[in-house]
>>> print(open('run-v6.txt').read())   # compact mmCIF, C-alpha atoms
# COMPACT_ATOMS: atom_id res chain seq x y z
CA MET A 198 -86.01 35.56 -37.14
CA TRP A 199 -85.28 36.55 -33.55
CA HIS A 200 -85.01 33.42 -31.40
CA VAL A 201 -86.05 33.42 -27.73
CA TYR A 202 -85.84 30.69 -25.08
CA PRO A 203 -88.81 31.84 -22.94
CA LEU A 204 -88.25 29.85 -19.75
CA GLY A 205 -84.79 31.33 -19.34
CA PHE A 206 -85.50 34.75 -20.85
CA LEU A 207 -88.41 35.33 -18.43
CA GLY A 208 -86.64 33.96 -15.36
CA ALA A 209 -88.94 30.99 -14.81
CA GLU A 210 -88.25 28.35 -12.18
CA LYS A 211 -85.95 25.52 -13.26
CA SER A 212 -88.63 22.92 -12.52
CA ALA A 213 -92.41 22.97 -12.66
CA VAL A 214 -94.04 24.12 -9.43
CA ASP A 215 -97.61 23.58 -8.33
CA ASP A 216 -98.36 27.11 -7.18
CA GLY A 217 -100.71 28.36 -9.88
CA ILE A 218 -100.17 30.14 -13.16
CA HIS A 219 -97.42 32.72 -13.61
CA HIS A 220 -98.39 35.06 -16.43
CA ARG A 221 -94.82 35.71 -17.54
CA LEU A 222 -95.41 35.63 -21.32
CA ALA A 223 -96.67 39.20 -21.16
CA GLY A 224 -93.08 40.09 -20.26
CA LEU A 225 -92.09 39.37 -23.86
CA HIS A 226 -94.36 42.08 -25.28
CA PRO A 227 -91.95 45.00 -24.66
CA TRP A 228 -89.25 43.01 -26.44
CA LEU A 229 -91.29 42.74 -29.63
CA ASP A 230 -90.41 46.34 -30.45
CA HIS A 231 -86.77 45.40 -29.93
CA ALA A 232 -87.19 42.64 -32.49
CA VAL A 233 -88.70 45.15 -34.90
CA ASP A 234 -85.82 47.57 -34.27
CA LEU A 235 -83.42 44.74 -35.03
CA GLY A 236 -85.14 44.27 -38.37
CA ALA A 237 -86.68 40.86 -37.70
CA SER A 238 -89.84 39.72 -39.44
CA ALA A 239 -90.54 36.76 -37.15
CA VAL A 240 -89.97 35.53 -33.60
CA MET A 241 -89.06 31.91 -32.94
CA LEU A 242 -90.07 30.83 -29.45
CA GLY A 243 -88.42 28.00 -27.59
CA PRO A 244 -90.67 25.56 -25.70
CA VAL A 245 -93.81 27.08 -24.19
CA PHE A 246 -95.81 23.92 -23.46
CA ALA A 247 -96.24 22.19 -20.10
CA SER A 248 -93.07 20.39 -19.06
CA SER A 249 -91.28 19.23 -15.94
CA THR A 250 -88.00 21.12 -16.34
CA HIS A 251 -86.32 22.72 -19.39
CA GLY A 252 -89.29 22.59 -21.77
CA TYR A 253 -88.05 19.71 -23.90
CA ASP A 254 -89.61 17.12 -21.59
CA THR A 255 -93.17 17.96 -22.60
CA VAL A 256 -96.01 16.60 -20.49
CA ASP A 257 -98.93 18.26 -22.34
CA HIS A 258 -98.71 19.76 -25.84
CA PHE A 259 -102.12 21.38 -25.52
CA GLN A 260 -101.33 23.30 -22.34
CA VAL A 261 -99.03 26.30 -21.92
CA ASP A 262 -96.41 25.82 -19.22
CA ALA A 263 -97.83 27.32 -16.02
CA ARG A 264 -94.45 28.94 -15.37
CA LEU A 265 -95.12 31.06 -18.47
CA GLY A 266 -98.89 31.51 -18.41
CA ASP A 267 -101.92 29.97 -20.01
CA GLU A 268 -103.46 29.71 -23.46
CA SER A 269 -104.85 33.24 -23.34
CA ASP A 270 -101.34 34.57 -22.66
CA LEU A 271 -99.91 32.75 -25.67
CA VAL A 272 -102.73 33.94 -27.94
CA ALA A 273 -102.18 37.49 -26.66
CA PHE A 274 -98.51 37.14 -27.63
CA PHE A 275 -99.50 36.02 -31.13
CA ASP A 276 -101.75 39.06 -31.42
CA ALA A 277 -99.09 41.46 -30.13
CA ALA A 278 -96.53 40.08 -32.56
CA HIS A 279 -98.90 40.20 -35.52
CA ALA A 280 -99.80 43.80 -34.69
CA ARG A 281 -96.13 44.63 -35.27
CA GLY A 282 -95.86 42.64 -38.47
CA LEU A 283 -94.01 39.77 -36.81
CA ARG A 284 -94.83 36.11 -37.38
CA VAL A 285 -94.40 33.52 -34.62
CA VAL A 286 -92.76 30.11 -34.93
CA LEU A 287 -93.32 27.62 -32.09
CA ASP A 288 -91.00 24.85 -30.89
CA GLY A 289 -92.57 21.40 -31.27
CA VAL A 290 -90.92 18.59 -29.33
CA PHE A 291 -92.32 15.53 -31.09
CA ASN A 292 -89.46 13.04 -30.99
CA HIS A 293 -89.83 12.43 -27.27
CA VAL A 294 -91.88 13.41 -24.24
CA GLY A 295 -91.29 13.71 -20.51
CA GLN A 296 -92.04 10.88 -18.13
CA GLY A 297 -94.96 12.93 -16.85
CA PHE A 298 -96.70 12.68 -20.24
CA ALA A 299 -100.17 11.21 -19.62
CA GLN A 300 -99.93 8.44 -22.21
CA PHE A 301 -96.67 7.22 -20.69
CA ALA A 302 -98.21 6.92 -17.23
CA THR A 303 -101.19 5.10 -18.75
CA ALA A 304 -98.89 2.73 -20.62
CA LEU A 305 -97.08 1.77 -17.43
CA ALA A 306 -100.38 1.22 -15.67
CA ASP A 307 -102.13 -0.71 -18.45
CA GLY A 308 -99.18 -2.89 -19.39
CA PRO A 309 -97.93 -4.48 -22.61
CA GLY A 310 -100.34 -4.72 -25.50
CA SER A 311 -102.35 -1.71 -24.36
CA PRO A 312 -103.09 1.17 -26.78
CA ALA A 313 -101.06 3.55 -24.63
CA ALA A 314 -98.04 1.22 -24.61
CA ALA A 315 -98.04 1.30 -28.41
CA TRP A 316 -97.04 4.99 -28.25
CA PHE A 317 -93.55 4.07 -27.02
CA HIS A 318 -90.74 1.55 -27.33
CA LEU A 319 -91.18 -0.30 -24.02
CA ARG A 320 -89.58 -3.44 -22.65
CA TRP A 321 -91.19 -5.36 -19.81
CA PRO A 322 -88.62 -7.43 -17.86
CA ALA A 323 -89.68 -11.01 -17.17
CA ASP A 324 -88.64 -10.69 -13.54
CA GLY A 325 -91.10 -7.87 -12.99
CA GLY A 326 -88.40 -5.21 -12.71
CA PRO A 327 -88.78 -1.60 -13.86
CA VAL A 328 -90.10 -1.09 -17.38
CA GLU A 329 -87.40 0.03 -19.79
CA HIS A 330 -87.94 2.55 -22.59
CA ASP A 331 -86.06 4.02 -25.52
CA ASP A 332 -84.90 7.53 -24.70
CA PHE A 333 -83.37 10.52 -26.43
CA GLU A 334 -79.58 10.31 -26.56
CA GLY A 335 -79.23 8.61 -23.18
CA HIS A 336 -81.52 10.96 -21.23
CA SER A 337 -83.93 8.61 -19.46
CA ALA A 338 -86.25 11.51 -18.60
CA LEU A 339 -86.97 11.92 -22.33
CA VAL A 340 -89.13 9.04 -23.55
CA THR A 341 -88.94 8.38 -27.30
CA LEU A 342 -92.25 8.11 -29.15
CA ASP A 343 -92.97 5.26 -31.56
CA HIS A 344 -93.29 7.09 -34.87
CA ASP A 345 -94.63 4.00 -36.61
CA ASN A 346 -97.83 4.30 -34.58
CA PRO A 347 -100.62 6.16 -36.46
CA ALA A 348 -101.93 7.43 -33.13
CA VAL A 349 -98.66 9.29 -32.58
CA ALA A 350 -98.87 10.86 -36.03
CA ASP A 351 -102.46 11.91 -35.37
CA HIS A 352 -101.45 13.46 -32.05
CA VAL A 353 -98.61 15.47 -33.59
CA ALA A 354 -100.79 16.74 -36.43
CA SER A 355 -103.54 17.69 -33.98
CA VAL A 356 -101.11 19.67 -31.82
CA MET A 357 -99.70 21.54 -34.79
CA GLU A 358 -103.16 22.38 -36.11
CA TYR A 359 -104.45 23.41 -32.68
CA TRP A 360 -101.88 26.15 -32.18
CA LEU A 361 -101.92 27.29 -35.80
CA GLU A 362 -105.65 27.82 -35.44
CA ARG A 363 -104.92 30.04 -32.44
CA GLY A 364 -102.43 32.25 -34.27
CA ALA A 365 -99.07 30.54 -34.62
CA ASP A 366 -97.45 30.86 -38.06
CA GLY A 367 -94.91 28.06 -38.07
CA TRP A 368 -93.14 25.26 -36.28
CA ARG A 369 -89.57 24.34 -35.41
CA LEU A 370 -89.42 20.55 -35.14
CA ASP A 371 -87.04 19.73 -32.32
CA ALA A 372 -84.62 16.81 -32.82
CA ALA A 373 -86.04 16.25 -36.30
CA TYR A 374 -82.87 14.36 -37.19
CA ALA A 375 -83.93 11.61 -34.75
CA VAL A 376 -87.37 11.12 -36.35
CA PRO A 377 -87.75 9.08 -39.56
CA PRO A 378 -88.32 11.69 -42.33
CA ALA A 379 -91.15 9.57 -43.74
CA PHE A 380 -93.11 10.18 -40.52
CA TRP A 381 -93.44 13.86 -41.33
CA ALA A 382 -94.72 13.60 -44.90
CA PRO A 383 -98.35 12.62 -44.11
CA VAL A 384 -98.39 14.72 -40.93
CA LEU A 385 -97.29 17.88 -42.73
CA ALA A 386 -99.56 17.16 -45.70
CA ARG A 387 -102.51 17.10 -43.30
CA VAL A 388 -101.37 20.28 -41.55
CA ARG A 389 -100.77 22.15 -44.81
CA ALA A 390 -104.19 21.17 -46.13
CA ALA A 391 -105.69 23.36 -43.41
CA HIS A 392 -102.81 25.86 -43.10
CA PRO A 393 -101.08 26.17 -46.49
CA ASP A 394 -98.85 29.06 -45.42
CA VAL A 395 -97.33 27.33 -42.37
CA TYR A 396 -93.53 27.47 -42.16
CA VAL A 397 -91.84 24.29 -40.91
CA VAL A 398 -88.13 23.96 -40.11
CA GLY A 399 -86.52 20.85 -38.69
CA GLU A 400 -83.62 20.77 -36.29
CA VAL A 401 -81.07 18.70 -38.21
CA ILE A 402 -77.49 18.73 -36.97
CA HIS A 403 -75.97 16.21 -39.35
CA GLY A 404 -77.06 13.95 -42.17
CA ASP A 405 -78.53 14.42 -45.63
CA TYR A 406 -80.10 17.87 -45.37
CA THR A 407 -81.61 17.83 -48.86
CA GLY A 408 -82.84 14.26 -48.58
CA ILE A 409 -84.53 14.98 -45.26
CA VAL A 410 -86.27 18.07 -46.65
CA HIS A 411 -87.56 16.22 -49.70
CA ALA A 412 -88.67 13.09 -47.81
CA SER A 413 -90.31 14.97 -44.94
CA GLY A 414 -92.05 17.86 -46.67
CA MET A 415 -90.40 20.41 -44.37
CA ASP A 416 -89.57 23.84 -45.74
CA SER A 417 -86.11 23.91 -44.24
CA VAL A 418 -83.58 22.50 -41.79
CA THR A 419 -81.01 24.11 -39.52
CA GLN A 420 -77.69 24.71 -41.29
CA TYR A 421 -75.22 23.45 -38.69
CA GLU A 422 -72.53 22.83 -41.31
CA LEU A 423 -72.30 26.53 -42.13
CA TRP A 424 -72.53 27.53 -38.45
CA LYS A 425 -69.51 25.39 -37.59
CA ALA A 426 -67.48 26.47 -40.60
CA VAL A 427 -67.95 30.18 -39.88
CA TRP A 428 -66.43 30.27 -36.39
CA SER A 429 -64.00 27.42 -36.97
CA SER A 430 -62.47 28.94 -40.09
CA LEU A 431 -62.09 32.32 -38.40
CA ASN A 432 -60.48 30.80 -35.31
CA ASP A 433 -58.12 28.58 -37.31
CA THR A 434 -57.22 31.22 -39.93
CA ASN A 435 -58.37 28.72 -42.52
CA ALA A 436 -60.71 30.38 -45.00
CA TYR A 437 -60.62 27.22 -47.10
CA GLU A 438 -62.96 25.53 -44.61
CA LEU A 439 -65.54 28.27 -45.00
CA ALA A 440 -65.10 28.31 -48.77
CA HIS A 441 -65.85 24.58 -48.85
CA ALA A 442 -68.91 25.04 -46.64
CA LEU A 443 -70.19 27.85 -48.88
CA GLY A 444 -69.94 25.52 -51.86
CA ARG A 445 -72.06 22.92 -50.05
CA HIS A 446 -74.44 25.64 -48.88
CA ALA A 447 -74.93 26.79 -52.47
CA ALA A 448 -75.89 23.24 -53.45
CA PHE A 449 -78.40 23.05 -50.59
CA CYS A 450 -79.89 26.36 -51.67
CA ASP A 451 -80.64 24.96 -55.12
CA GLU A 452 -83.09 22.62 -53.36
CA PHE A 453 -84.41 24.57 -50.34
CA VAL A 454 -83.71 27.63 -48.21
CA PRO A 455 -81.81 26.61 -45.03
CA LEU A 456 -82.26 28.24 -41.66
CA THR A 457 -78.92 29.92 -40.97
CA PHE A 458 -77.63 31.06 -37.58
CA LEU A 459 -74.59 31.93 -35.49
CA GLY A 460 -76.10 30.89 -32.17
CA ASN A 461 -79.06 29.23 -30.51
CA HIS A 462 -80.15 27.89 -27.12
CA ASP A 463 -77.97 24.76 -27.48
CA VAL A 464 -74.53 26.17 -28.37
CA THR A 465 -71.88 28.49 -26.98
CA ARG A 466 -72.63 32.08 -27.93
CA ILE A 467 -70.77 33.37 -30.97
CA ALA A 468 -69.09 36.16 -28.94
CA SER A 469 -67.55 33.49 -26.71
CA ARG A 470 -66.88 31.03 -29.52
CA LEU A 471 -64.69 33.40 -31.53
CA ASP A 472 -61.08 33.64 -30.36
CA ASP A 473 -60.70 37.16 -31.76
CA PRO A 474 -63.56 39.64 -31.17
CA ARG A 475 -62.49 41.53 -34.31
CA HIS A 476 -64.01 38.67 -36.32
CA LEU A 477 -67.58 39.03 -35.07
CA PRO A 478 -68.43 41.34 -38.01
CA HIS A 479 -66.99 38.72 -40.38
CA ALA A 480 -69.28 36.03 -38.99
CA LEU A 481 -72.31 38.30 -39.11
CA ALA A 482 -71.51 39.38 -42.66
CA VAL A 483 -71.61 35.75 -43.78
CA LEU A 484 -74.93 35.16 -42.03
CA LEU A 485 -76.53 38.12 -43.75
CA THR A 486 -75.02 37.97 -47.26
CA VAL A 487 -75.65 34.34 -48.19
CA ALA A 488 -78.93 32.60 -48.97
CA GLY A 489 -81.05 31.37 -46.11
CA THR A 490 -83.47 32.45 -43.42
CA PRO A 491 -81.14 34.10 -40.87
CA CYS A 492 -81.97 33.55 -37.22
CA VAL A 493 -80.44 35.63 -34.38
CA TYR A 494 -80.49 34.17 -30.87
CA ALA A 495 -81.68 36.71 -28.30
CA GLY A 496 -78.69 38.41 -26.72
CA ASP A 497 -76.28 37.70 -29.56
CA GLU A 498 -77.36 40.98 -31.14
CA LEU A 499 -76.16 42.68 -27.95
CA GLY A 500 -72.83 40.90 -27.76
CA PHE A 501 -73.80 38.57 -24.92
CA GLU A 502 -71.23 35.96 -23.94
CA GLY A 503 -71.95 32.46 -22.63
CA ILE A 504 -70.31 29.06 -22.79
CA LYS A 505 -72.27 25.84 -23.15
CA GLU A 506 -70.99 23.10 -20.82
CA ASP A 507 -71.77 19.38 -20.88
CA ARG A 508 -72.97 19.06 -17.30
CA ALA A 509 -76.11 19.52 -15.24
CA GLY A 510 -76.97 23.21 -15.51
CA GLY A 511 -74.54 23.58 -18.38
CA ASP A 512 -77.08 25.51 -20.45
CA ASP A 513 -77.67 28.22 -17.84
CA ALA A 514 -74.98 30.58 -19.16
CA ILE A 515 -76.53 30.66 -22.63
CA ARG A 516 -80.14 30.88 -21.40
CA PRO A 517 -80.08 33.86 -18.99
CA ALA A 518 -82.94 35.98 -17.75
CA PHE A 519 -83.41 39.34 -19.49
CA PRO A 520 -84.61 42.59 -17.92
CA ALA A 521 -88.28 43.50 -18.21
CA ASP A 522 -87.49 46.56 -20.32
CA PRO A 523 -85.05 46.51 -23.28
CA ALA A 524 -84.02 50.04 -22.31
CA ALA A 525 -82.20 48.55 -19.34
CA LEU A 526 -79.69 47.10 -21.80
CA ASP A 527 -79.69 50.28 -23.93
CA PRO A 528 -79.50 48.47 -27.31
CA GLY A 529 -78.96 51.74 -29.15
CA ALA A 530 -75.65 52.23 -27.35
CA SER A 531 -74.39 48.77 -28.28
CA PRO A 532 -72.02 48.72 -31.26
CA VAL A 533 -72.88 45.04 -31.78
CA PHE A 534 -76.59 45.88 -31.98
CA ARG A 535 -75.91 48.71 -34.43
CA LEU A 536 -73.84 46.33 -36.55
CA HIS A 537 -76.73 43.86 -36.58
CA GLN A 538 -79.13 46.62 -37.60
CA GLU A 539 -76.79 47.73 -40.38
CA LEU A 540 -76.44 44.26 -41.88
CA VAL A 541 -80.05 43.20 -41.35
CA GLY A 542 -81.06 46.46 -43.04
CA LEU A 543 -78.69 45.71 -45.92
CA ARG A 544 -80.27 42.30 -46.33
CA ARG A 545 -83.82 43.65 -46.28
CA ARG A 546 -82.90 46.18 -48.95
CA HIS A 547 -81.54 43.27 -51.00
CA ALA A 548 -84.41 40.85 -50.41
CA TRP A 549 -83.20 38.59 -53.23
CA LEU A 550 -80.39 37.44 -50.90
CA HIS A 551 -82.91 35.02 -49.40
CA THR A 552 -82.39 32.71 -52.38
CA ALA A 553 -79.06 34.03 -53.68
CA ARG A 554 -76.43 31.98 -55.47
CA THR A 555 -73.06 32.26 -53.75
CA GLU A 556 -69.76 31.71 -55.55
CA VAL A 557 -66.28 31.92 -54.03
CA LEU A 558 -64.07 34.25 -56.08
CA SER A 559 -60.77 33.85 -54.25
CA VAL A 560 -59.48 32.20 -51.11
CA THR A 561 -56.27 31.98 -49.10
CA ASN A 562 -55.75 31.06 -45.47
CA THR A 563 -56.43 34.65 -44.43
CA LEU A 564 -58.72 35.97 -47.16
CA LEU A 565 -62.10 34.95 -48.52
CA VAL A 566 -63.93 36.81 -51.27
CA TYR A 567 -67.28 35.64 -52.56
CA THR A 568 -70.19 37.01 -54.53
CA SER A 569 -73.87 36.43 -53.87
CA SER A 570 -76.07 36.98 -56.91
CA SER A 571 -79.79 37.06 -57.47
CA ARG A 572 -81.30 34.07 -59.26
CA ALA A 573 -82.13 36.41 -62.15
CA GLY A 574 -78.49 37.47 -62.33
CA THR A 575 -79.36 41.16 -62.23
CA ASP A 576 -78.04 41.95 -58.76
CA ALA A 577 -74.97 40.96 -56.77
CA VAL A 578 -73.02 41.84 -53.67
CA VAL A 579 -69.39 40.99 -53.00
CA THR A 580 -68.18 40.11 -49.51
CA ALA A 581 -64.49 40.24 -48.58
CA LEU A 582 -63.20 38.95 -45.24
CA SER A 583 -59.61 39.20 -43.99
CA THR A 584 -57.97 37.67 -40.91
CA SER A 585 -54.52 38.91 -41.90
CA ASP A 586 -52.43 41.09 -39.62
CA ASP A 587 -51.55 43.20 -42.67
CA PRO A 588 -53.63 45.44 -44.94
CA THR A 589 -54.96 43.57 -47.95
CA THR A 590 -55.91 44.86 -51.38
CA VAL A 591 -58.68 42.83 -52.98
CA LEU A 592 -59.30 42.98 -56.71
CA LEU A 593 -63.01 42.96 -57.52
CA PRO A 594 -64.76 41.53 -60.59
CA ALA A 595 -66.32 44.90 -61.37
CA PRO A 596 -66.44 48.48 -60.09
CA CYS A 597 -68.20 48.42 -56.73
CA THR A 598 -69.39 50.75 -54.01
CA LEU A 599 -69.03 50.04 -50.29
CA LEU A 600 -72.24 49.01 -48.51
CA ALA A 601 -70.83 48.01 -45.13
CA GLY A 602 -67.55 47.29 -43.41
CA ASP A 603 -64.25 48.98 -42.69
CA GLY A 604 -62.74 48.57 -46.14
CA ALA A 605 -61.91 51.52 -48.36
CA VAL A 606 -62.69 51.74 -52.06
CA PRO A 607 -60.02 53.78 -53.89
CA ASP A 608 -61.16 56.61 -56.09
CA GLY A 609 -62.20 55.17 -59.44
CA ASP A 610 -63.39 56.57 -62.71
CA PRO A 611 -65.73 59.57 -62.95
CA GLN A 612 -68.75 57.24 -62.76
CA GLY A 613 -67.71 56.34 -59.21
CA GLY A 614 -66.58 53.05 -57.77
CA SER A 615 -63.44 51.01 -58.26
CA GLY A 616 -62.39 47.51 -59.16
CA SER A 617 -60.70 47.00 -55.79
CA VAL A 618 -61.13 47.42 -52.06
CA VAL A 619 -58.45 47.84 -49.41
CA LEU A 620 -59.09 45.97 -46.16
CA PRO A 621 -57.30 46.99 -42.97
CA PRO A 622 -55.82 44.24 -40.77
CA HIS A 623 -58.69 41.87 -39.87
CA GLY A 624 -60.99 43.98 -42.02
CA TRP A 625 -64.15 43.21 -43.92
CA ALA A 626 -66.38 44.74 -46.56
CA VAL A 627 -69.67 44.16 -48.32
CA LEU A 628 -69.86 45.86 -51.70
CA ASP A 629 -72.43 46.41 -54.40
CA ARG A 630 -71.81 46.72 -58.11
CA ASP A 631 -72.28 50.35 -58.99
CA ALA A 632 -74.86 51.55 -61.48
CA ARG A 633 -72.57 51.34 -64.51
CA ALA A 634 -71.45 47.80 -63.63
CA ARG A 635 -75.08 46.69 -63.29
CA LEU A 636 -75.89 48.27 -66.65
CA ASP A 637 -72.96 46.44 -68.27
CA ALA A 638 -74.14 43.17 -66.72
>>> encode(input="run-v6.txt", output="structure tokens")
Amino acid sequence: MWHVYPLGFLGAEKSAVDDGIHHRLAGLHPWLDHAVDLGASAVMLGPVFASSTHGYDTVDHFQVDARLGDESDLVAFFDAAHARGLRVVLDGVFNHVGQGFAQFATALADGPGSPAAAWFHLRWPADGGPVEHDDFEGHSALVTLDHDNPAVADHVASVMEYWLERGADGWRLDAAYAVPPAFWAPVLARVRAAHPDVYVVGEVIHGDYTGIVHASGMDSVTQYELWKAVWSSLNDTNAYELAHALGRHAAFCDEFVPLTFLGNHDVTRIASRLDDPRHLPHALAVLLTVAGTPCVYAGDELGFEGIKEDRAGGDDAIRPAFPADPAALDPGASPVFRLHQELVGLRRRHAWLHTARTEVLSVTNTLLVYTSSSRAGTDAVVTALSTSDDPTTVLLPAPCTLLAGDGAVPDGDPQGGSGSVVLPPHGWAVLDRDARARLDA
């Protein structure tokens, strides 16, 4: 997937303004061809529904944010994406709402015991002071919904169905880790009864990934463990951390297919996160040679930099406006974009990688070698990553041919291929068993 944060990407105002509808969503259409050139098969949109500021303080789930357009603009985007073979995943913020949400205003007006008040966790001070409410992680502008209320479940299901009926193909469930997993099971059962092919991924930063998937009925959750291990192990010259994370990832993949990523709208961009730019190919090679549904955050494929800061406006650097025409950035001239194309293309030619089994073959502080095999055991690729300042010779489990990377395979037997690869300092390689090795297997 190619992930876009529309409010930032399209240069929308930071806060909602009452000056009519701005039909900005059409500005994404030229970028759909860019997503196709990248090799994506889906686009994941950040918030597009009416909100007061950043999109995660929703005030109306049935209305497109006027800073982006209206319903016809969103449906036109669905159509334009589908015409290019791209599916569209929407961002559903269902753990909390903005203070401008209609039911919240009604609750404050109607008082305790009212149907609207039952949508939230409200406390009415005896002295008549301001009503208190549960919020999301200390942000008072984000009012937590009461997920034990059947009316809330009905609302969420209705929203999901409404936009699926208009052309959406899936949902990202924002802050899913903060919602009881049992809430989702009946909601998603209802949604899938009408839309059996819907894809649902929950944002889960920490916790029991597998347990949440099974209890909720989601297809997937965000694989933050792997994300952290990739850049942290490369920065610390500690391949053991990544090896450990790959072992846990393999166990997750026996139960579901995680959504994997190197960046998103909430974290420092990978190009800024890595201490050594020579290791960007290493990180991308992991993303695209292990099981999962890889997701690329818009701009990462062009080498964009940006640091997330914990302050007001701290997301601005990672949510910039993009030019109207991709040609203004000249993606074809970007070595980072070409690297993405190369590895996305490799993955699409080895479609079985989506559910591959990954096994670490060898690990030191500066070297990690692992194999990803098809569930049938008939195909495999070997990935070798070095952070050493010296050249490294890696012994392989079978004769292999180089698919990608800067490694060199020594001349082998007359059938071609070799049982080793030589990596230059800070080198990497993705290799495929050659025809004879596959026949032997």
>>> atom_distance(input="run-v6.txt", atom1="CA of Leu361 in chain A", atom2="CA of Pro393 in chain A")
10.8 Å
>>> closest_atom_pairs(input="run-v6.txt", of="range 393-497 of chain A", to="range 372-381 of chain A", cutoff="10 Å", atoms="only C-alpha atoms", output="tab-separated table")
residue	atom	partner	partner_atom	distance
A:Val398	CA	A:Ala373	CA	8.9
A:Gly399	CA	A:Ala373	CA	5.2
A:Glu400	CA	A:Ala373	CA	5.1
A:Val401	CA	A:Tyr374	CA	4.8
A:Ile402	CA	A:Tyr374	CA	6.9
A:His403	CA	A:Tyr374	CA	7.5
A:Gly404	CA	A:Tyr374	CA	7.7
A:Asp405	CA	A:Tyr374	CA	9.5
A:Tyr406	CA	A:Tyr374	CA	9.3
A:Gly408	CA	A:Pro378	CA	8.7
A:Ile409	CA	A:Pro378	CA	5.8
A:Val410	CA	A:Pro378	CA	8.0
A:His411	CA	A:Pro378	CA	8.7
A:Ala412	CA	A:Pro378	CA	5.7
A:Ser413	CA	A:Pro378	CA	4.6
A:Gly414	CA	A:Trp381	CA	6.8
A:Met415	CA	A:Trp381	CA	7.8
A:Val418	CA	A:Ala373	CA	8.7
A:Thr419	CA	A:Ala373	CA	9.9
>>> atom_distance(input="run-v6.txt", atom1="CA of Glu358 in chain A", atom2="CA of Phe317 in chain A")
22.6 Å
>>> atom_distance(input="run-v6.txt", atom1="CA of Glu362 in chain A", atom2="CA of Met198 in chain A")
21.2 Å
>>> closest_atom_pairs(input="run-v6.txt", of="range 224-287 of chain A", to="range 512-528 of chain A", cutoff="9 Å", atoms="all atoms listed in the file", output="tab-separated table")
residue	atom	partner	partner_atom	distance
A:Gly224	CA	A:Ala521	CA	6.2
A:Leu225	CA	A:Ala521	CA	8.0
A:Pro227	CA	A:Asp522	CA	6.4
A:Trp228	CA	A:Pro523	CA	6.3
A:Asp230	CA	A:Pro523	CA	9.0
A:His231	CA	A:Pro523	CA	7.0
>>> residues_around(input="run-v6.txt", residues="Gln296 in chain A", least_positions_apart="6", cutoff="7 Å", atoms="all atoms listed in the file", output="compact mmCIF listing (two decimals) with C-alpha atoms, in the coordinates of the input")
# COMPACT_ATOMS: atom_id res chain seq x y z
CA ALA A 338 -86.25 11.51 -18.60
CA LEU A 339 -86.97 11.92 -22.33
CA VAL A 340 -89.13 9.04 -23.55
>>> residues_around(input="run-v6.txt", residues="Gln420 in chain A", least_positions_apart="3", cutoff="7 Å", atoms="only C-alpha atoms", output="list in words")
Leu423, Trp424, Pro455, Leu456 and Thr457 of chain A
>>> closest_residue(input="run-v6.txt", among="A:His476, A:Arg554, A:Arg369, A:His251", to="Pro622 in chain A", atoms="all atoms listed in the file")
A:His476
>>> closest_residue(input="run-v6.txt", among="A:Leu342, A:Met357, A:Val533, A:Ala482", to="Val395 in chain A", atoms="all atoms listed in the file")
A:Met357
>>> closest_residue(input="run-v6.txt", among="A:Ala323, A:Leu242, A:Thr250, A:Val579", to="Lys211 in chain A", atoms="all atoms listed in the file")
A:Thr250
>>> closest_residue(input="run-v6.txt", among="A:Arg475, A:Arg508, A:Arg389, A:Arg284", to="Ser583 in chain A", atoms="all atoms listed in the file")
A:Arg475
>>> closest_residue(input="run-v6.txt", among="A:Asp216, A:Leu385, A:His318, A:Asp472", to="Ser429 in chain A", atoms="all atoms listed in the file")
A:Asp472
>>> closest_residue(input="run-v6.txt", among="A:Trp360, A:Trp368, A:Tyr396, A:Phe291", to="Asp343 in chain A", atoms="only C-alpha atoms")
A:Phe291
>>> residues_around(input="run-v6.txt", residues="His352 in chain A", least_positions_apart="3", cutoff="12 Å", atoms="all atoms listed in the file", output="compact mmCIF listing (two decimals) with C-alpha atoms, keeping the file's coordinate frame")
# COMPACT_ATOMS: atom_id res chain seq x y z
CA ASP A 257 -98.93 18.26 -22.34
CA HIS A 258 -98.71 19.76 -25.84
CA PHE A 259 -102.12 21.38 -25.52
CA GLY A 289 -92.57 21.40 -31.27
CA PHE A 291 -92.32 15.53 -31.09
CA GLN A 300 -99.93 8.44 -22.21
CA TRP A 316 -97.04 4.99 -28.25
CA LEU A 342 -92.25 8.11 -29.15
CA ASP A 343 -92.97 5.26 -31.56
CA HIS A 344 -93.29 7.09 -34.87
CA ASN A 346 -97.83 4.30 -34.58
CA PRO A 347 -100.62 6.16 -36.46
CA ALA A 348 -101.93 7.43 -33.13
CA VAL A 349 -98.66 9.29 -32.58
CA SER A 355 -103.54 17.69 -33.98
CA VAL A 356 -101.11 19.67 -31.82
CA MET A 357 -99.70 21.54 -34.79
CA GLU A 358 -103.16 22.38 -36.11
CA TYR A 359 -104.45 23.41 -32.68
CA VAL A 384 -98.39 14.72 -40.93
CA ARG A 387 -102.51 17.10 -43.30
CA VAL A 388 -101.37 20.28 -41.55
>>> residues_around(input="run-v6.txt", residues="His219 in chain A", least_positions_apart="5", cutoff="6 Å", atoms="only C-alpha atoms", output="PyMOL selection string")
chain A and resi 263-266
>>> write_last_selection(input="run-v6.txt", atoms="C-alpha atoms", output="PDB file, in the frame of the given file")
ATOM      1  CA  ALA A 263     -97.830  27.320 -16.020  1.00  0.00           C
ATOM      2  CA  ARG A 264     -94.450  28.940 -15.370  1.00  0.00           C
ATOM      3  CA  LEU A 265     -95.120  31.060 -18.470  1.00  0.00           C
ATOM      4  CA  GLY A 266     -98.890  31.510 -18.410  1.00  0.00           C
TER       5      GLY A 266
END
